[in-house]
Amino acid sequence: MDFNLSEDHQLLSNTLNRFLGDNYDIEKRNEAGFTAPYHLQDMWNGLAELGVIGALVSEEKGGFGGSAEDISVVFEELGRSLCVEPMLGTLLALRVLSDHGQDERVEQIISGESRAALAVYEPNMSCDLSAMEATAVEQDGVWRLNGRKSAIYGAPGSDFVVVAAKTESGTGLFFLENPVLICAAMVDGGGVADLVMENTAAECLALDAETSLTSALDLGRIALCAEAVGAMSALQDLTVDYLKQRKQFGTTLSSFQALQHRAVNMQIEIEQCRSIVISAVGQFGQPGGERNVSMAKNLIGRAGRLMSEESIQLHGGIGMTWEYPGAHFAKRLVMIDHQLGDQNDHAMRLIATGAKQLVD
Amino acid sequence: MDFNLSEDHQLLSNTLNRFLGDNYDIEKRNEAGFTAPYHLQDMWNGLAELGVIGALVSEEKGGFGGSAEDISVVFEELGRSLCVEPMLGTLLALRVLSDHGQDERVEQIISGESRAALAVYEPNMSCDLSAMEATAVEQDGVWRLNGRKSAIYGAPGSDFVVVAAKTESGTGLFFLENPVLICAAMVDGGGVADLVMENTAAECLALDAETSLTSALDLGRIALCAEAVGAMSALQDLTVDYLKQRKQFGTTLSSFQALQHRAVNMQIEIEQCRSIVISAVGQFGQPGGERNVSMAKNLIGRAGRLMSEESIQLHGGIGMTWEYPGAHFAKRLVMIDHQLGDQNDHAMRLIATGAKQLVD
Amino acid sequence: MDLEFNETELAFRDEVRAFMRSELPEDISRKVISGNELTRDDYMRWQAILNAKGWLATTWEEEYGGPGWDAVQRHIFSEESALHGAPRMPPFGLAMMGPVLIKFGTEEQKSTLLPRILDGSDWWCQGFSEPGAGSDLASMKMRAERDGDEYVLNGQKTWTTLGQYANKIFCLVRTASEGKPQASISFLLVDLDTPGVEMRPIRLIDGGYEVNEVFFTDVRVPVENLVGNENEGWTIAKYLLTHERTNIAGVGFSIMDLERYKTLAQEIKRDGMQLSDHPIYAARAAAIEADLEALRITNLRILAETRDGSAGGVGSSMLKLKGTQVRQELQDLYRSAIGPRAATLSSGLSHNEMSVPYDAGQAAQVYFLHRKLSIFGGSNEIQRNIVAKEMFRD
Amino acid sequence: MDLEFNETELAFRDEVRAFMRSELPEDISRKVISGNELTRDDYMRWQAILNAKGWLATTWEEEYGGPGWDAVQRHIFSEESALHGAPRMPPFGLAMMGPVLIKFGTEEQKSTLLPRILDGSDWWCQGFSEPGAGSDLASMKMRAERDGDEYVLNGQKTWTTLGQYANKIFCLVRTASEGKPQASISFLLVDLDTPGVEMRPIRLIDGGYEVNEVFFTDVRVPVENLVGNENEGWTIAKYLLTHERTNIAGVGFSIMDLERYKTLAQEIKRDGMQLSDHPIYAARAAAIEADLEALRITNLRILAETRDGSAGGVGSSMLKLKGTQVRQELQDLYRSAIGPRAATLSSGLSHNEMSVPYDAGQAAQVYFLHRKLSIFGGSNEIQRNIVAKEMFRD
């Protein structure tokens, strides 16, 4: 039993922390995150050079890491620096591509040469693949896609998109170059897109990739949860510092017991979030490990809202301003709950998988 | 718009308050409430003499009141004094009896001559009459009942029980004299019973009494909510007094801001509870009025738990002792949620009736 | 006990409803309901319509151009306004400056300034808060030094709402260098075009712009601009803070938001399940609806208690506390109901393109912006302190 | 990072499990699981079994009869005990008196008293709290006046858990009339059969009896019964309060309670619906399960950090806070799941008569009694103060 990072992970974490700290202040981040292509190309190149993209894929698939723990180490640091680079979309695309022998494309992505995103979600679908409506049909040797994808993270500016669509055999994966995207910024910065497909021709990667998709999405959820833990830690530091400095009625805010007790409750939830990520990482790939992922996303969703709302409230007016970094951390923490299934979606998933387990 | 009690209601309230204050201290209450027949016969007689039982039934049915407001005035005072007398069971029985022309029996009950209870609930049924399993079948001119009833409030020591059971026409009502009951105390004092029926002969009062039953149960819910408001007020008074008096670390507890803020949250919930009872009373009998009843029971359930747990916590050790009156108020507030459908049952009822309304 | 309005009140409510239906411009109400920012022109159009009807300055006496309503009528008017998506008129001129002038102003001030508020010539903003002194007026620093017939102002105000639309500001300033704040603060009126005044926008969490900082550097203001006596500004500030605040619970807004949620839940699907059938959402909405119905009655109860006077401090603190909690819960429920798309800013995705009848990212922006409800205008912590002080009084 | 126990630890866990399965009397575990009170005899039987195995005094060094476990082993043992429904042995002799004697006692005290704890000859209880001084030892009043070779004790102690089973009590007493508590309190051992000692039961909210008041009137105690030096009792009290508290998070208890709930939800119906399918209950249980899994890991993390030393104050405060919240939530969920019958006390309604496999009213009683978790042993408010002090330290 050892909860310390290995030397390698500590090195990865420190390197990333230093790189982001040196190159990535909040003003720069906010400027990039809300203007197309919603990230900074030179930062992306820098991350590729550092090997951070490669850390998301295993060595046998051409990367230098790829375990759930590698991914959580990377994303916790991204969260601590509130990085808007399209790492989540890249993670999702990389995982399904590497699962289906797309070694060359994987290599291009890892090197930063090209960028990809994964199109899974739809307006009526949040977390449950069986609710997918988009279809793929083969006609005269060409696969044609129909339907609408939404919430494609990191898609703006990407070179291609991997699309999930229903086939006769299950949920297939399709490769779409130079897709026509409806691009937008996310509420908390970073790029996202919708994709409307009308008999759109695409290359088929797999006819039934549900296992691969579920695994990629679960790793994405672990990534988001780890990112949340990093963001929470940074936000709590800001909040505690503020309470210690700011005076009201002649005394520091940190001397008001009602505020103290609320700050303590927040601290406990951060510890709990850190623990549930450890649990999801540790159980990933084990039987029932998807339950730990859903527990993590459920708890992080609840705690993220608490942290966001309480940190703003404890700051008072300053916490409401664009200029104050804390506000952007607070936004990120709430918006993470909207990505890859929220606290309610994952409660439903826990209920469904719990019932299954008891029947087994 | 006037939220003051009428002169008559003020008089009723004051009279009851004085009677209970003079005759009913907490030690006496606790002795009576946990020993068969789980109430005090002379108190019951006194309440009958004061006309309190009659206040539960309209004049045309032989009483001197009977409106939802009459009932809420009576029960708020019962709650404030934590009265264990079997008024809830009597209310339920009186309402269905008076709905079905049982004038003589109603008269006996109002005078205190005899006492009745209503058997509706069952081990698998909490709030939804359609889940009822007990049946009534007519054989050779005699109605015979089968099934098990539970949570028959006020049944121990009663002279007869009115039983609800499924007939071919709907939910019927049956009259059972000298029933064989399995009696017990309630967790917070007062009597309750189960009734096992195996071809038990009974007199039929009605073949389909769902409307009458629902109305009686909704009045019972209003009664419980009003009782909770009375109990909450009394408990909050105890709590505020304690915080003002008790010293720790050289200063009164009421000077600790964290405790102050929690006491304020409690006070706001009490005001909200008082308001939702007013709403349920005002809408009773109107179209959709059952939604206001369920809103009341849902909110009172949540607030009752908050009040109970927070008052105990703010008191510390003393709040955990049998000797301290507050502990019994706290227990009553939680146990009210278990009676006539709890916060979750009424949330489900709100969902069901809300969907219905939107379809209409 | 009687929950209902009396016949006169009901007739009044019907009159207000008819007025809202016929006179409120639809483009404005649409903006209000979807949470979009209003332009100065939007406010001015609605102000002119209200003023023509004589319903603009709801709290002023008739002799000054008010409608002569009692507290219940004011309540009905503000609830109906909210329910129909009418703009909430900024309070600084109508609900603050006006009543202050009526109570503390000279005849001269009343006769020149009140009509300018009504006809829109003046848009007032508020200069109370300072950096480092939000809820704590005692640590206010901005100074006004007497120099002949003028005051010379130096300092900074902040959180000045809609200051970008205003031409005038009322300020609390320190006119004595020593002594308790109760005896060293004055209430002073300043034209925003006076040399030395500079207004700078503060961008809020949602990226929008509704509050400002105002800097004063050697700003010279004639002594006639003083309201009340020098060093008696505390009395006026206290009057404003304890003065009846209509619609503090925001019940009308919350009812509108709940309706909006219910419509959404009928239209949107989550993982194939209609959201109105989704047990977690439905149970949560039911609980909020119960809280809101209780709040509606609590509001009426406090209104009935104070029908003839101004609302007690504790009552309005409780309404503010529960009112903001319910509204913020509803904003959270709505945002959360939208699902993954709530993370997407609307730019580039039109309503049609979204193929759902709501503005997805907008809901999240509105949710974040409305965290202000529990902070501005006396934070919820301050409100709890106020109630506690009363509860634990000996 | 490695979540798993190492092989030695896993082997130890298996050994503990095997021991529990073969040696724990079923009648005792049944009582523990259903929340029934244990008799003195129940405790004594289990104590003798543990003592025979050498696993009784888990925190004592081997030379005094302890098993020589490290923190991880102690954790594994206490978790497995909870999961199998073993009684939680009262800490007063084994976890408090023993370690205090080992650290502060004379050789004479150690050699006579430690064996008597192990073999059950002595059952110790605790005399720290006084009426009006629960968490606040500084305002303690009970006095011990020196008179020759004896102290004369006058005063009162309270909240003395299981005092009815005890024959001895350790007390904090005031031995100097002036000065800070740090320099006026002593740690004194008293035989409960000394003339002038009177123990009176305190009935708790559930009607049960597990705490007591103890009155001292001119009780004469030999000076040899002092532990440590006169006026140095504060040091011992502080040692006890910051000493590692095994199983403070109660994860094992909560896991057991969650399993109990899941079984119930499979067996009980609410309005015709299987409770395990009831969306409100299922969603709530899922959230609690997530909290509990996180707590389990938090517990291990803090354990790993402090493997070689005693648990830090802040870590154990956090574990106590979240641990009690999770346990109390589970008690509430269980009580609430039972529905209308949870209001019925079991007397008169046997298990069979209830025709459901649980003791209905018992669940509510257990829920009420377990409100004590957040009060006794340093209330959750005190724990928050402790964490805040660390967080906001300059």
# chains A, B, ... in the order shown; residues from 1 in each chain; ligands from 1

call {"tool": "residues_around", "arguments": {"residues": "segment 117-122 of chain B", "least_positions_apart": "6", "cutoff": "9 Å", "atoms": "only C-alpha atoms", "output": "NGL selection string"}}
result
(:B and (86 or 88-94 or 96 or 129 or 131-134 or 147-156 or 158-165 or 194-195 or 213 or 340)) or (:D and (340-341))

call {"tool": "write_last_selection", "arguments": {"atoms": "N, CA and C atoms", "output": "mmCIF file, in the first residue's frame"}}
result
data_model
loop_
_atom_site.group_PDB
_atom_site.id
_atom_site.type_symbol
_atom_site.label_atom_id
_atom_site.label_comp_id
_atom_site.auth_asym_id
_atom_site.auth_seq_id
_atom_site.Cartn_x
_atom_site.Cartn_y
_atom_site.Cartn_z
ATOM 1 N N PRO B 86 -54.417 9.679 21.157
ATOM 2 C CA PRO B 86 -54.632 9.078 19.824
ATOM 3 C C PRO B 86 -55.528 9.923 18.920
ATOM 4 N N LEU B 88 -54.749 11.361 15.977
ATOM 5 C CA LEU B 88 -54.623 11.136 14.535
ATOM 6 C C LEU B 88 -55.512 9.993 14.076
ATOM 7 N N GLY B 89 -55.433 8.872 14.795
ATOM 8 C CA GLY B 89 -56.271 7.725 14.441
ATOM 9 C C GLY B 89 -57.741 8.075 14.530
ATOM 10 N N THR B 90 -58.071 8.855 15.543
ATOM 11 C CA THR B 90 -59.464 9.260 15.720
ATOM 12 C C THR B 90 -59.921 10.148 14.569
ATOM 13 N N LEU B 91 -59.076 11.074 14.172
ATOM 14 C CA LEU B 91 -59.403 11.936 13.033
ATOM 15 C C LEU B 91 -59.695 11.094 11.798
ATOM 16 N N LEU B 92 -58.798 10.154 11.488
ATOM 17 C CA LEU B 92 -58.957 9.347 10.274
ATOM 18 C C LEU B 92 -60.262 8.555 10.318
ATOM 19 N N ALA B 93 -60.519 7.900 11.458
ATOM 20 C CA ALA B 93 -61.731 7.085 11.581
ATOM 21 C C ALA B 93 -62.971 7.966 11.507
ATOM 22 N N LEU B 94 -62.944 9.088 12.221
ATOM 23 C CA LEU B 94 -64.100 9.985 12.248
ATOM 24 C C LEU B 94 -64.468 10.453 10.840
ATOM 25 N N VAL B 96 -63.902 9.087 7.823
ATOM 26 C CA VAL B 96 -64.536 8.113 6.920
ATOM 27 C C VAL B 96 -65.895 7.675 7.462
ATOM 28 N N LEU B 129 -52.819 3.903 -2.481
ATOM 29 C CA LEU B 129 -53.898 2.957 -2.187
ATOM 30 C C LEU B 129 -53.921 1.789 -3.175
ATOM 31 N N ALA B 131 -51.638 0.008 -4.086
ATOM 32 C CA ALA B 131 -50.745 -1.080 -3.683
ATOM 33 C C ALA B 131 -51.364 -1.955 -2.584
ATOM 34 N N MET B 132 -52.622 -1.674 -2.236
ATOM 35 C CA MET B 132 -53.254 -2.417 -1.129
ATOM 36 C C MET B 132 -53.482 -3.875 -1.508
ATOM 37 N N GLU B 133 -53.186 -4.761 -0.556
ATOM 38 C CA GLU B 133 -53.319 -6.200 -0.836
ATOM 39 C C GLU B 133 -54.477 -6.867 -0.106
ATOM 40 N N ALA B 134 -54.925 -6.272 1.016
ATOM 41 C CA ALA B 134 -56.007 -6.887 1.795
ATOM 42 C C ALA B 134 -57.291 -6.926 0.964
ATOM 43 N N GLY B 147 -55.918 -10.576 4.978
ATOM 44 C CA GLY B 147 -54.744 -9.723 4.749
ATOM 45 C C GLY B 147 -54.206 -9.184 6.055
ATOM 46 N N ARG B 148 -53.201 -8.371 5.917
ATOM 47 C CA ARG B 148 -52.570 -7.817 7.107
ATOM 48 C C ARG B 148 -52.503 -6.300 7.026
ATOM 49 N N LYS B 149 -52.964 -5.665 8.079
ATOM 50 C CA LYS B 149 -52.876 -4.209 8.172
ATOM 51 C C LYS B 149 -51.795 -3.847 9.184
ATOM 52 N N SER B 150 -51.100 -2.756 8.943
ATOM 53 C CA SER B 150 -50.091 -2.336 9.922
ATOM 54 C C SER B 150 -50.165 -0.831 10.094
ATOM 55 N N ALA B 151 -49.418 -0.360 11.073
ATOM 56 C CA ALA B 151 -49.369 1.085 11.354
ATOM 57 C C ALA B 151 -50.776 1.656 11.540
ATOM 58 N N ILE B 152 -51.569 0.977 12.379
ATOM 59 C CA ILE B 152 -52.906 1.494 12.690
ATOM 60 C C ILE B 152 -52.747 2.399 13.923
ATOM 61 N N TYR B 153 -52.705 3.696 13.639
ATOM 62 C CA TYR B 153 -52.384 4.642 14.724
ATOM 63 C C TYR B 153 -53.535 4.748 15.711
ATOM 64 N N GLY B 154 -53.181 4.732 16.988
ATOM 65 C CA GLY B 154 -54.173 4.902 18.044
ATOM 66 C C GLY B 154 -55.064 3.690 18.258
ATOM 67 N N ALA B 155 -54.722 2.573 17.623
ATOM 68 C CA ALA B 155 -55.600 1.410 17.739
ATOM 69 C C ALA B 155 -55.616 0.771 19.133
ATOM 70 N N PRO B 156 -54.461 0.698 19.835
ATOM 71 C CA PRO B 156 -54.505 0.022 21.145
ATOM 72 C C PRO B 156 -55.542 0.697 22.059
ATOM 73 N N SER B 158 -58.685 0.941 21.489
ATOM 74 C CA SER B 158 -59.861 1.473 20.791
ATOM 75 C C SER B 158 -60.981 0.436 20.809
ATOM 76 N N ASP B 159 -62.203 0.902 20.624
ATOM 77 C CA ASP B 159 -63.351 0.001 20.696
ATOM 78 C C ASP B 159 -63.614 -0.684 19.375
ATOM 79 N N PHE B 160 -63.278 0.000 18.279
ATOM 80 C CA PHE B 160 -63.431 -0.656 16.978
ATOM 81 C C PHE B 160 -62.461 -0.051 15.971
ATOM 82 N N VAL B 161 -62.307 -0.811 14.880
ATOM 83 C CA VAL B 161 -61.391 -0.388 13.829
ATOM 84 C C VAL B 161 -62.148 -0.380 12.506
ATOM 85 N N VAL B 162 -61.948 0.661 11.734
ATOM 86 C CA VAL B 162 -62.478 0.697 10.375
ATOM 87 C C VAL B 162 -61.359 0.211 9.453
ATOM 88 N N VAL B 163 -61.679 -0.806 8.638
ATOM 89 C CA VAL B 163 -60.642 -1.443 7.820
ATOM 90 C C VAL B 163 -60.900 -1.155 6.343
ATOM 91 N N ALA B 164 -59.857 -0.746 5.654
ATOM 92 C CA ALA B 164 -59.944 -0.589 4.198
ATOM 93 C C ALA B 164 -59.454 -1.864 3.542
ATOM 94 N N ALA B 165 -60.197 -2.363 2.560
ATOM 95 C CA ALA B 165 -59.800 -3.590 1.866
ATOM 96 C C ALA B 165 -60.345 -3.558 0.448
ATOM 97 N N ASP B 194 -50.855 -3.711 14.628
ATOM 98 C CA ASP B 194 -51.049 -4.470 13.405
ATOM 99 C C ASP B 194 -52.329 -5.293 13.584
ATOM 100 N N LEU B 195 -52.881 -5.701 12.463
ATOM 101 C CA LEU B 195 -54.115 -6.487 12.498
ATOM 102 C C LEU B 195 -54.006 -7.567 11.433
ATOM 103 N N LEU B 213 -61.478 8.028 1.551
ATOM 104 C CA LEU B 213 -60.211 7.641 2.182
ATOM 105 C C LEU B 213 -59.094 8.637 1.856
ATOM 106 N N LEU B 340 -48.202 8.239 7.277
ATOM 107 C CA LEU B 340 -49.049 8.638 6.131
ATOM 108 C C LEU B 340 -48.246 9.057 4.907
ATOM 109 N N PRO D 340 -43.435 3.075 7.016
ATOM 110 C CA PRO D 340 -44.323 3.340 8.166
ATOM 111 C C PRO D 340 -43.970 2.524 9.400
ATOM 112 N N ARG D 341 -43.511 1.280 9.185
ATOM 113 C CA ARG D 341 -43.288 0.418 10.346
ATOM 114 C C ARG D 341 -42.096 0.822 11.189
#

call {"tool": "residues_around", "arguments": {"residues": "Lys244 of chain B", "least_positions_apart": "5", "cutoff": "8 Å", "atoms": "only C-alpha atoms", "output": "number ranges by chain"}}
result
B: 252-254; C: 392

call {"tool": "write_last_selection", "arguments": {"atoms": "N, CA, C and O atoms", "output": "mmCIF file, in the first residue's frame"}}
result
data_model
loop_
_atom_site.group_PDB
_atom_site.id
_atom_site.type_symbol
_atom_site.label_atom_id
_atom_site.label_comp_id
_atom_site.auth_asym_id
_atom_site.auth_seq_id
_atom_site.Cartn_x
_atom_site.Cartn_y
_atom_site.Cartn_z
ATOM 1 N N THR B 252 -20.829 32.244 25.792
ATOM 2 C CA THR B 252 -22.047 31.488 25.510
ATOM 3 C C THR B 252 -21.969 30.894 24.110
ATOM 4 O O THR B 252 -21.378 31.458 23.206
ATOM 5 N N LEU B 253 -22.614 29.734 23.953
ATOM 6 C CA LEU B 253 -22.626 29.082 22.643
ATOM 7 C C LEU B 253 -23.214 29.994 21.574
ATOM 8 O O LEU B 253 -22.819 29.959 20.421
ATOM 9 N N SER B 254 -24.165 30.841 21.964
ATOM 10 C CA SER B 254 -24.828 31.686 20.967
ATOM 11 C C SER B 254 -23.886 32.722 20.376
ATOM 12 O O SER B 254 -24.238 33.406 19.425
ATOM 13 N N PHE C 392 -30.881 36.015 19.004
ATOM 14 C CA PHE C 392 -30.131 35.766 20.237
ATOM 15 C C PHE C 392 -30.037 37.012 21.105
ATOM 16 O O PHE C 392 -29.213 37.073 22.009
#

call {"tool": "interface_residues", "arguments": {"of": "chain D", "to": "chain A", "cutoff": "6 Å", "atoms": "only C-alpha atoms", "output": "list in words"}}
result
Met1, Asp2, Leu3, Glu4, Phe5, Ala283, Ala290, Ala294, Ile297, Thr298, Arg384 and Ala388 of chain D

call {"tool": "write_last_selection", "arguments": {"atoms": "N, CA, C and O atoms", "output": "compact mmCIF listing (two decimals), in the first residue's frame"}}
result
# COMPACT_ATOMS: atom_id res chain seq x y z
N MET D 1 2.33 4.28 -6.99
CA MET D 1 1.08 4.22 -6.22
C MET D 1 0.55 2.80 -6.22
O MET D 1 0.53 2.15 -7.25
N ASP D 2 0.11 2.35 -5.10
CA ASP D 2 -0.35 0.98 -4.99
C ASP D 2 -1.43 0.91 -3.92
O ASP D 2 -1.18 1.17 -2.75
N LEU D 3 -2.65 0.59 -4.36
CA LEU D 3 -3.77 0.56 -3.42
C LEU D 3 -3.78 -0.68 -2.55
O LEU D 3 -4.50 -0.73 -1.56
N GLU D 4 -3.06 -1.69 -2.98
CA GLU D 4 -3.23 -2.99 -2.36
C GLU D 4 -2.34 -3.12 -1.12
O GLU D 4 -1.27 -2.54 -1.03
N PHE D 5 -2.81 -3.96 -0.20
CA PHE D 5 -1.94 -4.38 0.90
C PHE D 5 -0.83 -5.27 0.32
O PHE D 5 -1.05 -5.93 -0.70
N ALA D 283 -30.70 6.09 -6.06
CA ALA D 283 -29.76 7.18 -6.36
C ALA D 283 -29.07 7.64 -5.09
O ALA D 283 -27.87 7.93 -5.08
N ALA D 290 -20.53 5.97 -3.10
CA ALA D 290 -19.37 6.70 -3.63
C ALA D 290 -18.62 7.41 -2.49
O ALA D 290 -17.39 7.37 -2.41
N ALA D 294 -14.76 6.52 -1.26
CA ALA D 294 -13.75 7.58 -1.14
C ALA D 294 -13.20 7.62 0.29
O ALA D 294 -11.99 7.75 0.50
N ILE D 297 -10.64 4.95 0.97
CA ILE D 297 -9.31 5.28 0.45
C ILE D 297 -8.67 6.41 1.28
O ILE D 297 -7.47 6.35 1.58
N THR D 298 -9.46 7.39 1.63
CA THR D 298 -8.91 8.48 2.47
C THR D 298 -8.31 7.91 3.74
O THR D 298 -7.23 8.30 4.18
N ARG D 384 -13.99 20.50 13.48
CA ARG D 384 -13.85 21.54 12.45
C ARG D 384 -12.94 22.66 12.94
O ARG D 384 -12.15 23.21 12.18
N ALA D 388 -9.62 23.82 11.06
CA ALA D 388 -9.53 25.23 10.64
C ALA D 388 -8.27 25.88 11.21
O ALA D 388 -7.59 26.65 10.53

call {"tool": "residues_around", "arguments": {"residues": "Gln156 of chain D", "least_positions_apart": "4", "cutoff": "6 Å", "atoms": "only C-alpha atoms", "output": "list in words"}}
result
Val214, Phe215 and Phe216 of chain D

call {"tool": "closest_atom_pairs", "arguments": {"of": "chain C", "to": "chain D", "cutoff": "12 Å", "atoms": "only C-alpha atoms", "output": "tab-separated table"}}
result
residue	atom	partner	partner_atom	distance
C:Asp277	CA	D:Pro279	CA	11.3
C:His278	CA	D:Pro279	CA	9.1
C:Pro279	CA	D:Pro279	CA	6.1
C:Ile280	CA	D:Ile280	CA	6.6
C:Tyr281	CA	D:Ile280	CA	10.0
C:Ala282	CA	D:Ile280	CA	9.9
C:Ala283	CA	D:Ile280	CA	7.4
C:Arg284	CA	D:Ile280	CA	9.6
